[in-house]
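Encoded as structure tokens, the structure appears first; notes follow it.
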Amino acid sequence: MTDGTSDETAVLITGTRPYGGDPVDVLLSDGRIAAIAAVLARPDGARVIDGAGTVLLPGLVDLHTHLREPGREDAETVASGSAAAALGGYTAVFAMPNTEPVADTAGVVEQVRRLGEEAGLVDVQPIGAVTVGRKGAKLAELSAMANSAARVRVFSDDGDCVSDPLLMRRALEYVKAFDGVIAQHAQEPRLTEGAQMHEGELSARLGLTGWPAVAEEAIIARDCLLADHVGSRVHVCHLSTAGSVDVVAAAKARGTRVTAEVTPHHLVLTDERAVGYDPVFKVNPPLRTDVDVQRLRAALADGTIDIVATDHAPHAVQDKECEWDQAKPGMLGLQTALSVVVDTMVRPGLLDWRGVARVMSENPAAIGGLADHGRPIAVGEPANLTLVDPDATWTVRGAELASLSVNTPFEGMELPGRVVATFLRGRPTVLDGTLAAVQAV
Ligand SMILES: NC(=O)N[C@@H](CC(=O)O)C(=O)O
Ligand SMILES: [Zn+2]
Ligand SMILES: [Zn+2]
């Protein structure tokens with residue numbers, strides 16, 4: 001503040017490196033970035049955070065999160081998932097609609113948005129279902145959700161594929177009016193009946209029904225053609241195979257409006273994890289081969305894959321600690337995503353911090369239409385930011401994560417990169433790597 005009064009909302013971060021560049025001081029005030037300079041004086045009343053050795057990034061944005069509320073508050077709530085997100089460096093998450101009831105009406109998406117505001121840790125942006133009850137038979141009221149207070153722009157039947165090509169075509173046409181996007185869970189249902197893991201040598205050896213790569217690739221190819229035909233936007237959820245990379249690359253080359261995401265777990269884990277029949281490694285789409293993993297990393301580096309999205313999928317203990325074929329698919333992701341990206345992309349030199357900001361903040365915000373996230377680190381911009389210690393390492397313990405569920409596939413693993421602080425509109429949600437007390441606004 002320039003009038004000499006004390007500014008209790010101000011935060012001065014000293015010596016941090018925006019995008020991993022040269023160290024600067026950054027002043028946050030009134031929800032925005034107020035100043036950036038080599039050295040800044042501390043305004044009266046400002047909190048000072050020693051940022052020496054840290055990298056400053058725009059707050060991360062997750063386009064694919066399962067918060068489980070309403071309906072499965074035993075596995076996760078909007079509040080607990082928001083805490084996990086803030087601790088993971090996120091300032092915004094898109095909540096998938098496969099809740100109970102399904103988020104297929106203005107009422108439910110507004111409820112989810114309101115719960116997010118009450119938790120106050122990240123901006124929770126609801127995703128609306130494409131079809132009524134996610135049953136794949138009849139389009140949901142997309143415009144009612146778009147025009148609601150939740151301003152829905154992303155629609156998905158995630159968990160299930162919109163496999164009917166006519167419904168998919170209509171959905172794509174419908175969302176064009178408000179620049180919406182259909183996020184497709186690409187899984188041809190007939191090719192994956194009873195599927196338990198990646199179809200390959202290993203599934204045959206383990207006696208588990210296979211989920212062939214073509215079941216994903218065929219839907220992506222079809223949806224790219226449909227998006228071309230109607231001139232609309234399609235987004236591919238959790239792309240997992242080398243062949244899918246080829247399909248998306250070819251579509252982008254001819255101008256298709258397609259974007260794609262990869263999850264952290266598909267960047268590092270392979271189908272070999274199924275050997276012990278531990279359902280913590282059961283996920284949709286399944287963990288693939290090392291050839292796929294290497295190809296996904298390269299595609300994320302060269303921009304064929306636009307973003308990293310967590311597909312954070314908490315499940316109650318009884319749904320995971322059971323026989324493999326009875327277990328629900330899905331794994332936690334919000335608190336480990338950045339570290340996995342550091343491990344698989346930054347350390348090997350495939351992506352620099354500028355690139356991390358692009359794939360974990362800027363691109364997801366742009367795809368989902370969030371105006372105040374994924375912004376440049378520049379004076380006047382909203383202060384949605386995360387401060388990362390790139391040199392710290394930590395050991396993942398499911399029981400210590402903020403999620404109500406413990407199904408992390410990274411249990412006991414040492415990972416690089418630690419979120420030190422997260423700021424939502426200038427207010428710290430995380431400080432010293434722990435949740436900051438949330439003040440009622
Ligand atoms: N990824 C998963 O294995 N599970 C997700 C649904 C989904 O993303 O398809 C879930 O909701 O649990
Ligand atoms: Zn899915
Ligand atoms: Zn999902």
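Ligands are numbered from 1 in the order shown, chains are lettered A, B, ... in the order of the structure tokens, and residues start at 1 in each chain.
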
Would you mind listing, for every residue of chain A within 8 Å of ligand 2, the two atoms forming the shortest contact and the distance between them in Å to one decimal, using only C-alpha atoms and all ligand atoms, sorted by chain and ascending residue number, as CSV?
```
residue,atom,partner,partner_atom_place_in_ligand_line,distance
A:Asp158,CA,ligand 2,1 (Zn),4.5
A:Gly159,CA,ligand 2,1 (Zn),4.4
A:Asp160,CA,ligand 2,1 (Zn),6.6
A:Cys161,CA,ligand 2,1 (Zn),7.9
A:Gln184,CA,ligand 2,1 (Zn),7.7
A:His185,CA,ligand 2,1 (Zn),4.6
A:Ala186,CA,ligand 2,1 (Zn),7.5
A:Cys237,CA,ligand 2,1 (Zn),6.3
A:His238,CA,ligand 2,1 (Zn),6.6
A:Asn284,CA,ligand 2,1 (Zn),6.1
A:Pro285,CA,ligand 2,1 (Zn),7.0
A:Asp311,CA,ligand 2,1 (Zn),7.4
```

Residues of stretch 344-415 of chain A at most 9 Å from stretch 328-340 of chain A: nearest atom pair and distance in Å, only C-alpha atoms, as a Markdown table:
```
| residue | atom | partner | partner_atom | distance |
| --- | --- | --- | --- | --- |
| A:Thr344 | CA | A:Val340 | CA | 6.0 |
| A:Met345 | CA | A:Val340 | CA | 8.1 |
| A:Val356 | CA | A:Leu338 | CA | 8.6 |
| A:Met360 | CA | A:Leu338 | CA | 8.3 |
| A:Pro390 | CA | A:Ser339 | CA | 8.9 |
| A:Thr393 | CA | A:Ser339 | CA | 8.7 |
| A:Val396 | CA | A:Thr336 | CA | 7.9 |
| A:Gly398 | CA | A:Leu332 | CA | 8.8 |
| A:Leu401 | CA | A:Gln335 | CA | 7.2 |
| A:Ala402 | CA | A:Gln335 | CA | 8.3 |
| A:Ser403 | CA | A:Leu332 | CA | 8.1 |
| A:Ser405 | CA | A:Leu332 | CA | 7.9 |
| A:Val406 | CA | A:Leu332 | CA | 7.4 |
| A:Asn407 | CA | A:Met331 | CA | 5.6 |
| A:Thr408 | CA | A:Leu332 | CA | 5.0 |
| A:Pro409 | CA | A:Met331 | CA | 6.6 |
| A:Phe410 | CA | A:Thr336 | CA | 8.1 |
| A:Leu415 | CA | A:Ser339 | CA | 5.8 |
```

Convert the current residue selection to file output with N, CA and C atoms, as an mmCIF file, in the first residue's frame.
```
data_model
loop_
_atom_site.group_PDB
_atom_site.id
_atom_site.type_symbol
_atom_site.label_atom_id
_atom_site.label_comp_id
_atom_site.auth_asym_id
_atom_site.auth_seq_id
_atom_site.Cartn_x
_atom_site.Cartn_y
_atom_site.Cartn_z
ATOM 1 N N THR A 344 10.047 -37.450 -13.319
ATOM 2 C CA THR A 344 10.011 -38.072 -14.653
ATOM 3 C C THR A 344 10.316 -37.110 -15.792
ATOM 4 N N MET A 345 10.115 -35.809 -15.562
ATOM 5 C CA MET A 345 10.246 -34.839 -16.659
ATOM 6 C C MET A 345 11.337 -33.795 -16.414
ATOM 7 N N VAL A 356 6.836 -26.865 -16.920
ATOM 8 C CA VAL A 356 5.958 -27.365 -15.849
ATOM 9 C C VAL A 356 4.783 -26.397 -15.664
ATOM 10 N N MET A 360 1.034 -27.858 -16.206
ATOM 11 C CA MET A 360 0.299 -28.094 -14.951
ATOM 12 C C MET A 360 -0.528 -26.891 -14.514
ATOM 13 N N PRO A 390 12.743 -27.288 -5.074
ATOM 14 C CA PRO A 390 13.042 -28.328 -6.067
ATOM 15 C C PRO A 390 14.055 -29.351 -5.561
ATOM 16 N N THR A 393 13.500 -33.668 -0.877
ATOM 17 C CA THR A 393 12.861 -34.943 -1.203
ATOM 18 C C THR A 393 11.974 -35.326 -0.026
ATOM 19 N N VAL A 396 6.643 -40.750 0.498
ATOM 20 C CA VAL A 396 5.174 -40.767 0.458
ATOM 21 C C VAL A 396 4.628 -41.779 1.474
ATOM 22 N N GLY A 398 0.775 -42.821 2.598
ATOM 23 C CA GLY A 398 -0.655 -42.597 2.370
ATOM 24 C C GLY A 398 -1.370 -42.068 3.593
ATOM 25 N N LEU A 401 -1.186 -38.293 4.063
ATOM 26 C CA LEU A 401 -1.757 -37.388 3.066
ATOM 27 C C LEU A 401 -3.083 -36.826 3.584
ATOM 28 N N ALA A 402 -3.476 -35.680 3.048
ATOM 29 C CA ALA A 402 -4.689 -35.016 3.548
ATOM 30 C C ALA A 402 -5.971 -35.708 3.087
ATOM 31 N N SER A 403 -5.865 -36.514 2.053
ATOM 32 C CA SER A 403 -7.032 -37.230 1.554
ATOM 33 C C SER A 403 -7.612 -38.129 2.641
ATOM 34 N N SER A 405 -8.744 -40.980 1.942
ATOM 35 C CA SER A 405 -8.372 -42.318 1.491
ATOM 36 C C SER A 405 -6.846 -42.437 1.450
ATOM 37 N N VAL A 406 -6.371 -43.672 1.350
ATOM 38 C CA VAL A 406 -4.914 -43.888 1.443
ATOM 39 C C VAL A 406 -4.340 -44.602 0.214
ATOM 40 N N ASN A 407 -5.144 -44.698 -0.862
ATOM 41 C CA ASN A 407 -4.737 -45.541 -1.984
ATOM 42 C C ASN A 407 -3.740 -44.868 -2.928
ATOM 43 N N THR A 408 -2.566 -44.561 -2.374
ATOM 44 C CA THR A 408 -1.496 -44.031 -3.221
ATOM 45 C C THR A 408 -0.646 -45.177 -3.765
ATOM 46 N N PRO A 409 -0.331 -45.130 -5.066
ATOM 47 C CA PRO A 409 0.544 -46.160 -5.637
ATOM 48 C C PRO A 409 2.013 -45.879 -5.347
ATOM 49 N N PHE A 410 2.288 -44.758 -4.688
ATOM 50 C CA PHE A 410 3.677 -44.351 -4.446
ATOM 51 C C PHE A 410 4.103 -44.563 -2.993
ATOM 52 N N LEU A 415 10.379 -39.147 -3.272
ATOM 53 C CA LEU A 415 10.158 -38.327 -4.468
ATOM 54 C C LEU A 415 10.802 -36.955 -4.298
#
```

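The shortest atom-to-atom distance to ligand 3, with only C-alpha atoms and all ligand atoms taken into account, belongs to A:Ala183 out of A:Leu287, A:Ala83, A:Ala183, A:Val342.
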
task = Counting only C-alpha atoms and all ligand atoms, figure out which residue out of A:Pro165, A:Gly128, A:Gly368, A:Pro97 gets nearest to ligand 3.
result =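 Going through A:Pro165, A:Gly128, A:Gly368, A:Pro97 one by one, the smallest distance to ligand 3 is for A:Pro97.
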
ask   = In Å, with one decimal, what is the gap from atom CA of A:Gly31 to atom CA of A:Leu424?
value = 7.8 Å

For stretch 283-372 of chain A versus stretch 245-254 of chain A, which residues have an atom no more than 10 Å away, and what is each residue's nearest atom pair and distance in Å rounded to one decimal, using only C-alpha atoms, chain-then-number order, as a tab-separated table?
```
residue	atom	partner	partner_atom	distance
A:Asp292	CA	A:Val245	CA	9.2
A:Arg295	CA	A:Val245	CA	7.6
A:Leu296	CA	A:Val245	CA	7.2
A:Ala298	CA	A:Val245	CA	9.6
A:Ala299	CA	A:Val245	CA	6.8
A:Leu300	CA	A:Val245	CA	9.6
A:Gly303	CA	A:Ala249	CA	9.2
A:Thr304	CA	A:Ala249	CA	5.8
A:Ile305	CA	A:Val245	CA	7.5
```

key: Top pick for closest residue to A:Arg222, considering A:Lys176, A:Asp164, A:Pro314, A:Leu206 and counting only C-alpha atoms   =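 The closest residue to A:Arg222 is A:Asp164.
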
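Going from atom CA of A:Thr65 to atom CA of A:Val11 covers 29.3 Å.
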
Need the shell around stretch 37-41 of chain A: protein/DNA/RNA residues with any atom at most 7 Å away, counting only C-alpha atoms. Skip same-chain ones fewer than 4 positions apart. Format as a JSON list (two decimals) with N, CA and C atoms, in the first residue's frame?
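After the write, part.json holds the following:
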```json
[["chain", "number", "residue", "atom", "x", "y", "z"],
["A", 24, "VAL", "N", 14.23, -13.15, -7.25],
["A", 24, "VAL", "CA", 13.62, -11.83, -7.07],
["A", 24, "VAL", "C", 12.78, -11.83, -5.80],
["A", 25, "ASP", "N", 12.40, -10.63, -5.35],
["A", 25, "ASP", "CA", 11.39, -10.50, -4.31],
["A", 25, "ASP", "C", 10.04, -10.28, -4.99],
["A", 26, "VAL", "N", 9.02, -10.88, -4.42],
["A", 26, "VAL", "CA", 7.67, -10.75, -5.00],
["A", 26, "VAL", "C", 6.71, -10.33, -3.90]]
```

inquiry  = I'd like the contact shell of A:Arg288 - 8 Å cut-off, only C-alpha atoms, skipping same-chain residues fewer than 5 positions apart - returned as a PyMOL selection string.
reply    = chain A and resi 198+240-241+266+269-271+293

Neighbour list for A:Ile219 as a PyMOL selection string, cut-off 8 Å, only C-alpha atoms, skip fewer than 4 positions in-chain = chain A and resi 163+186-188+215+223

Next, write the just-selected residues to a file, as a PDB file, in the first residue's frame, keeping N, CA and C atoms as the atom set.
```pdb
ATOM      1  N   SER A 163     -19.955 -43.564 -25.473  1.00  0.00           N
ATOM      2  CA  SER A 163     -19.589 -44.450 -26.588  1.00  0.00           C
ATOM      3  C   SER A 163     -20.532 -44.320 -27.778  1.00  0.00           C
ATOM      4  N   ALA A 186     -11.868 -42.304 -22.849  1.00  0.00           N
ATOM      5  CA  ALA A 186     -11.824 -43.061 -24.106  1.00  0.00           C
ATOM      6  C   ALA A 186     -11.668 -44.558 -23.833  1.00  0.00           C
ATOM      7  N   GLN A 187     -12.782 -45.237 -23.804  1.00  0.00           N
ATOM      8  CA  GLN A 187     -12.770 -46.677 -23.521  1.00  0.00           C
ATOM      9  C   GLN A 187     -13.924 -47.329 -24.261  1.00  0.00           C
ATOM     10  N   GLU A 188     -13.610 -48.012 -25.346  1.00  0.00           N
ATOM     11  CA  GLU A 188     -14.643 -48.697 -26.132  1.00  0.00           C
ATOM     12  C   GLU A 188     -15.209 -49.810 -25.251  1.00  0.00           C
ATOM     13  N   ALA A 215      -8.770 -50.205 -27.625  1.00  0.00           N
ATOM     14  CA  ALA A 215     -10.050 -49.754 -27.058  1.00  0.00           C
ATOM     15  C   ALA A 215     -10.012 -48.269 -26.730  1.00  0.00           C
ATOM     16  N   ASP A 223     -13.448 -39.694 -32.001  1.00  0.00           N
ATOM     17  CA  ASP A 223     -13.820 -38.393 -31.440  1.00  0.00           C
ATOM     18  C   ASP A 223     -13.108 -37.241 -32.139  1.00  0.00           C
TER      19      ASP A 223
END
```

query = If you measure from atom CA of A:Gly89 to atom CA of A:Thr434, what distance in Å do you get, rounded to one decimal?
reply = 11.1 Å

task = May I ask which of the residues A:Leu56, A:Val236, A:Ile367, A:Val359 is the closest one to ligand 1, counting only C-alpha atoms and all ligand atoms?
result =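 Smallest distance to ligand 1 is found for A:Val236.
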
task = Find the residues near A:Ala195: any atom within 12 Å, counting only C-alpha atoms, skip ones fewer than 4 places away on the same chain, and give them as a list of chain:residue names.
result = A:Gln187, A:Glu188, A:Pro189, A:Arg190, A:Leu191, A:Glu199, A:Gly200, A:Ser203, A:Ala204, A:Gly207, A:Leu208, A:Thr209, A:Gly210, A:Trp211, A:Pro212, A:Ala213, A:Ala215, A:Lys282, A:Val283, A:Asn284, A:Pro285, A:Pro286, A:Trp324, A:Asp325, A:Gln326, A:Pro329
